[in-house]
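Structure first, then comments.
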Amino acid sequence: MTSAFAVGSASPSAIGLSLAEMGRARAAVFDEHMGALVVLRHRDVSAGLRDHGTFSTRFYGAAPMVQSMMIAQDGAEHTRQRRIHNRFFSPGASARYAARIKPIAERTFDSFVGRPGVELVEAAFARYPMAVFLDLLGIPDELGDRGLGWVRAIVSWLGSPMDAAVAAAGQAAFSELSGYAGTLIEAERADPGDSLLGEIIRAHLSEGGFSVEACTVAVVSLLLGGLETTIQMLSATVSSLLLNPSALHRVRADRSLKDAALDESFRWANPSAGLYRLVTQDTEIAGHRIDAGAMVYLCIAAAHYDRDVYPEPEVFDLDRPGTHLGFGLGPHYCVGAPLARIEVAAALDAMLDRFPDIRLDPEQPPAFRYGARGFVQHGTDTLPVLL
């Protein structure tokens with residue numbers, strides 16, 4: 001049987017529908033394409049995400065560059081790092097950045113005024129999050145394309161650590177990005193300003209854990225975790241609305257629905273199709289005995305189409321309660337979620353203000369697949385629209 005992860009579709013809902021259909025017959029299946037037991041039902045996926053002691057993220061530490069990052073930590077060290085991150089990434093802290101993000105979103109879409117159409121993924125979505133981070137961190141604009149190239153090379157390395165050529169490029173990019181960030185931190189340390197970089201330094205000082213290396217890890221973590229994921233969130237939200245014109249009309253008329261659109265897009269379009277976890281002790285999940293040291297894939301895309309939790313899951317419904325798993329659950333819930341929501345909301349406002357008649361280009365329909373843009377996420381490589 002062909003893996004659902006190896007099949008593309010004209011709709012982002014197809015992967016979730018296919019995987020959930022499998023899940024109605026069997027709670028988990030071994031998938032050769034993913035190289036792991038794929039857990040398919042909502043109750044099992046959510047239980048695995050919450051049980052970080054048994055289903056661990058420590059396997060990320062196998063890549064030398066991320067051994068010190070929060071994603072590779074469990075227990076007390078994870079709690080300590082998360083406490084530091086919450087000082088500059090909590091909902092309250094992130095809200096302070098909204099006023100700086102809005103003009104960046106406006107400039108991004110201003111550049112398309114007067115054009116008949118545009119391909120949004122590369123022209124807007126891939127550049128906007130980097131522009132936001134550069135502004136918030138107080139980093140000079142000249143880093144833009146170079147920084148995006150570094151991040152892409154590093155994330156590709158994370159996704160394909162056994163490919164020698166990819167690993168070499170990723171290692172070189174990580175070294176350059178870390179060196180660049182370290183130089184900025186050294187300069188900022190003497191007098192931390194009101195930028196996000198200053199907040200990161202003050203947070204580490206307040207927690208008694210300041211070092212240039214620790215702050216560099218934090219900055220690099222933000223760039224790695226906040227760029228490609230935000231690109232896919234933007235792509236999922238905009239493409240979901242374009243594919244559901246009645247919902248787009250409602251959001252255009254009532255901007256208070258932006259958060260609902262993001263939540264339902266995260267469920268319906270599944271930019272995060274699932275998450276790998278390392279099993280730390282012999283256990284059972286979804287009726288399967290799993291040995292310590294094995295990998296499992298907690299399939300969020302299947303869980304999002306579980307009819308026991310989401311009635312009529314194939315319907316894009318702005319009035320559905322926003323209880324998706326796209327940001328994770330439990331201790332590893334995405335620490336950057338508040339900032340990401342602000343970025344997507346600002347982009348939607350800027351886009352709809354300038355282009356109220358935006359629609360898909362019928363001559364170039366989008367195609368959705370797992371592994372879009374070369375990363376371990378679900379989405380589309382391109383999103384051509386008419387303005």
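We label chains A, B, ... in the order they appear in the structure tokens, count residues from 1 in each chain, and number ligands from 1 in the order shown.
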Each residue of segment 180-231 of chain A lying at most 10 Å from segment 366-381 of chain A should get a row with its shortest atom-to-atom pair and the distance in Å to one decimal, counting only C-alpha atoms; could you produce that, ordered by chain and increasing number, as CSV?
residue,atom,partner,partner_atom,distance
A:Glu228,CA,A:Phe375,CA,8.2
A:Thr229,CA,A:Gln377,CA,8.1
A:Ile231,CA,A:Gly379,CA,9.6
Just to be explicit: take each residue in the selection above, keep N, CA and C atoms, and write the result as a PDB file, in the first residue's frame.
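What follows is the written file part.pdb:
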ATOM      1  N   GLU A 228      10.403  28.565   9.286  1.00  0.00           N
ATOM      2  CA  GLU A 228       9.700  27.659   8.382  1.00  0.00           C
ATOM      3  C   GLU A 228       8.316  27.296   8.920  1.00  0.00           C
ATOM      4  N   THR A 229       8.188  27.164  10.246  1.00  0.00           N
ATOM      5  CA  THR A 229       6.870  26.851  10.798  1.00  0.00           C
ATOM      6  C   THR A 229       5.884  27.987  10.549  1.00  0.00           C
ATOM      7  N   ILE A 231       6.075  30.154   8.074  1.00  0.00           N
ATOM      8  CA  ILE A 231       5.802  30.129   6.631  1.00  0.00           C
ATOM      9  C   ILE A 231       4.676  29.143   6.336  1.00  0.00           C
TER      10      ILE A 231
END
Wanna dump the segment 157-244 of chain A-segment 10-19 of chain A contacts at 10 Å for me, each residue with its shortest atom pair and the distance in Å to one decimal, counting only C-alpha atoms, ordered by chain and number, as JSON lines?
{"residue": "A:Ala236", "atom": "CA", "partner": "A:Pro12", "partner_atom": "CA", "distance": 8.1}
{"residue": "A:Ser239", "atom": "CA", "partner": "A:Pro12", "partner_atom": "CA", "distance": 8.6}
{"residue": "A:Ser240", "atom": "CA", "partner": "A:Pro12", "partner_atom": "CA", "distance": 7.9}
{"residue": "A:Leu243", "atom": "CA", "partner": "A:Ser11", "partner_atom": "CA", "distance": 8.2}
Original post:
Pick from A:Glu186, A:Asp191, A:Asp259, A:Glu312: nearest to Val212 of chain A, with only C-alpha atoms counted?
Top reply: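 Among A:Glu186, A:Asp191, A:Asp259, A:Glu312, it is A:Glu186 that comes nearest to Val212 of chain A.
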**OP:** Name all residues at most 10 Å from Arg100 of chain A (count only C-alpha atoms; drop same-chain ones fewer than 6 positions away) and give them as a PyMOL selection string.
**Re:** chain A and resi 132+135-136
Original post:
Among segment 157-327 of chain A, which residues carry a DSSP assignment of helix (DSSP H, G or I), reported as an MDAnalysis selection string?
Top reply: chainID A and resid 157:159 164:189 196:206 212:226 228:243 245:253 255:268 300:303
Subject >> Spatial neighbours of Ala105 of chain A, max dist 12 Å, only C-alpha atoms, sep filter under 6 positions, as a VMD selection string >> reply: chain A and resid 98 to 99 111 to 112 124 to 125 127 to 132 135 234 342 to 354
Take the residues from that selection and put them in a file with N, CA, C and O atoms, as a short mmCIF file (atom, residue, chain, number, x, y, z; two decimals), in the first residue's frame.
data_model
loop_
_atom_site.label_atom_id
_atom_site.label_comp_id
_atom_site.auth_asym_id
_atom_site.auth_seq_id
_atom_site.Cartn_x
_atom_site.Cartn_y
_atom_site.Cartn_z
N ALA A 98 3.45 43.47 18.80
CA ALA A 98 2.45 43.58 17.75
C ALA A 98 2.58 44.88 16.96
O ALA A 98 2.45 44.89 15.73
N ALA A 99 2.83 45.98 17.67
CA ALA A 99 2.92 47.28 16.99
C ALA A 99 4.09 47.33 16.02
O ALA A 99 4.05 48.06 15.02
N SER A 111 4.14 45.91 -1.49
CA SER A 111 5.03 45.69 -2.64
C SER A 111 4.31 45.02 -3.81
O SER A 111 4.84 45.01 -4.92
N PHE A 112 3.11 44.50 -3.59
CA PHE A 112 2.37 43.83 -4.67
C PHE A 112 1.26 44.70 -5.27
O PHE A 112 0.61 44.29 -6.24
N ALA A 124 6.14 36.44 -0.41
CA ALA A 124 5.66 37.05 0.84
C ALA A 124 5.95 36.18 2.06
O ALA A 124 6.65 36.58 2.98
N PHE A 125 5.43 34.96 2.05
CA PHE A 125 5.47 34.15 3.27
C PHE A 125 6.88 33.77 3.68
O PHE A 125 7.17 33.66 4.88
N ARG A 127 9.59 35.51 3.28
CA ARG A 127 10.42 36.66 3.64
C ARG A 127 9.87 37.43 4.84
O ARG A 127 10.63 38.01 5.62
N TYR A 128 8.58 37.43 4.98
CA TYR A 128 7.95 38.20 6.05
C TYR A 128 8.41 37.76 7.45
O TYR A 128 8.80 38.60 8.27
N PRO A 129 8.40 36.44 7.80
CA PRO A 129 8.84 36.07 9.16
C PRO A 129 10.29 36.45 9.43
O PRO A 129 10.63 36.83 10.56
N MET A 130 11.16 36.34 8.42
CA MET A 130 12.55 36.75 8.62
C MET A 130 12.64 38.24 8.88
O MET A 130 13.38 38.70 9.77
N ALA A 131 11.87 39.03 8.14
CA ALA A 131 11.86 40.48 8.36
C ALA A 131 11.39 40.80 9.77
O ALA A 131 11.92 41.71 10.43
N VAL A 132 10.39 40.05 10.27
CA VAL A 132 9.90 40.27 11.63
C VAL A 132 10.99 39.99 12.64
O VAL A 132 11.25 40.79 13.55
N ASP A 135 13.77 42.59 12.68
CA ASP A 135 13.34 43.83 13.33
C ASP A 135 13.27 43.66 14.84
O ASP A 135 13.78 44.49 15.60
N LEU A 234 1.28 30.45 7.65
CA LEU A 234 0.74 31.46 6.74
C LEU A 234 0.15 30.81 5.50
O LEU A 234 -0.96 31.13 5.08
N ILE A 342 0.26 36.35 16.27
CA ILE A 342 0.29 37.78 15.98
C ILE A 342 0.79 38.02 14.56
O ILE A 342 0.23 38.85 13.82
N GLU A 343 1.81 37.28 14.15
CA GLU A 343 2.35 37.43 12.79
C GLU A 343 1.30 37.09 11.73
O GLU A 343 1.13 37.81 10.74
N VAL A 344 0.61 35.95 11.92
CA VAL A 344 -0.39 35.53 10.94
C VAL A 344 -1.55 36.52 10.89
O VAL A 344 -2.03 36.89 9.81
N ALA A 345 -2.02 36.98 12.06
CA ALA A 345 -3.12 37.93 12.09
C ALA A 345 -2.76 39.23 11.39
O ALA A 345 -3.57 39.79 10.62
N ALA A 346 -1.55 39.73 11.60
CA ALA A 346 -1.11 40.97 10.95
C ALA A 346 -1.03 40.79 9.44
O ALA A 346 -1.41 41.69 8.67
N ALA A 347 -0.55 39.63 8.99
CA ALA A 347 -0.45 39.36 7.56
C ALA A 347 -1.84 39.28 6.93
O ALA A 347 -2.06 39.81 5.82
N LEU A 348 -2.79 38.64 7.60
CA LEU A 348 -4.15 38.55 7.06
C LEU A 348 -4.77 39.94 6.92
O LEU A 348 -5.38 40.26 5.89
N ASP A 349 -4.62 40.77 7.94
CA ASP A 349 -5.16 42.13 7.87
C ASP A 349 -4.56 42.90 6.70
O ASP A 349 -5.28 43.54 5.91
N ALA A 350 -3.24 42.85 6.58
CA ALA A 350 -2.56 43.60 5.52
C ALA A 350 -2.99 43.10 4.14
O ALA A 350 -3.24 43.89 3.22
N MET A 351 -3.08 41.80 3.99
CA MET A 351 -3.46 41.22 2.70
C MET A 351 -4.89 41.58 2.32
O MET A 351 -5.16 42.02 1.19
N LEU A 352 -5.84 41.42 3.25
CA LEU A 352 -7.24 41.66 2.94
C LEU A 352 -7.55 43.14 2.79
O LEU A 352 -8.44 43.52 2.02
N ASP A 353 -6.83 44.01 3.49
CA ASP A 353 -7.02 45.44 3.32
C ASP A 353 -6.65 45.88 1.92
O ASP A 353 -7.32 46.73 1.32
N ARG A 354 -5.58 45.32 1.39
CA ARG A 354 -5.08 45.75 0.08
C ARG A 354 -5.72 44.99 -1.07
O ARG A 354 -5.86 45.53 -2.17
#
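Shortest separation to Ala214 of chain A among A:Ala190, A:Ala181, A:Ala4, A:Ala47 occurs at residue A:Ala181, atoms counted being only C-alpha atoms.
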Original post:
Given the choices A:Val385, A:Ala273, A:Leu318, A:Ala123, which gets closest to Tyr305 of chain A if the distance is worked out from only C-alpha atoms?
Top reply: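 Once distances to Tyr305 of chain A are computed over only C-alpha atoms, the minimum belongs to A:Ala273.
Residue-level DSSP output for segment 255-287 of chain A, from the backbone, shows strand (DSSP E) at Leu275, Tyr276, Arg277, Leu278, Val279, Thr283, Glu284 and Ile285 of chain A.
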**OP:** Using only C-alpha atoms, pick whichever of A:Glu32, A:Asp291, A:Asp263, A:Asp361 has the shortest atom-to-atom distance to Met233 of chain A.
**Re:**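 With only C-alpha atoms as the atom set, the closest residue is A:Asp263.
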Residues of segment 273-316 of chain A that approach segment 329-340 of chain A to 12 Å or less, counting only C-alpha atoms: could you list each one with the shortest pair of atoms and its distance in Å to one decimal, rows by chain and increasing residue number, as a tab-separated table?
residue	atom	partner	partner_atom	distance
A:Leu275	CA	A:Leu329	CA	11.2
A:Arg277	CA	A:His332	CA	11.6
A:Leu298	CA	A:Leu329	CA	11.6
A:Ile300	CA	A:Leu329	CA	11.0
Selection file, C-alpha atoms, as a PDB file, in the first residue's frame:
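Saved to result_11.pdb:
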ATOM      1  CA  LEU A 275       5.748  14.698  15.501  1.00  0.00           C
ATOM      2  CA  ARG A 277       9.040  10.883  19.616  1.00  0.00           C
ATOM      3  CA  LEU A 298       2.254  10.870  16.645  1.00  0.00           C
ATOM      4  CA  ILE A 300      -1.603  15.034  14.188  1.00  0.00           C
TER       5      ILE A 300
END
**OP:** Name the residues in contact with segment 23-28 of chain A at a cut-off of 12 Å, using only C-alpha atoms, excluding same-chain residues fewer than 6 positions from it; report them as a ChimeraX atom specification.
**Re:** /A:16-17,36-45,284-290,296-308
**OP:** Determine, counting only C-alpha atoms, which protein, DNA and RNA residues have an atom within 10 Å of an atom of Leu248 of chain A; residues of the same chain fewer than 3 positions away are not included. Present the result as a count of residues only.
**Re:** 20
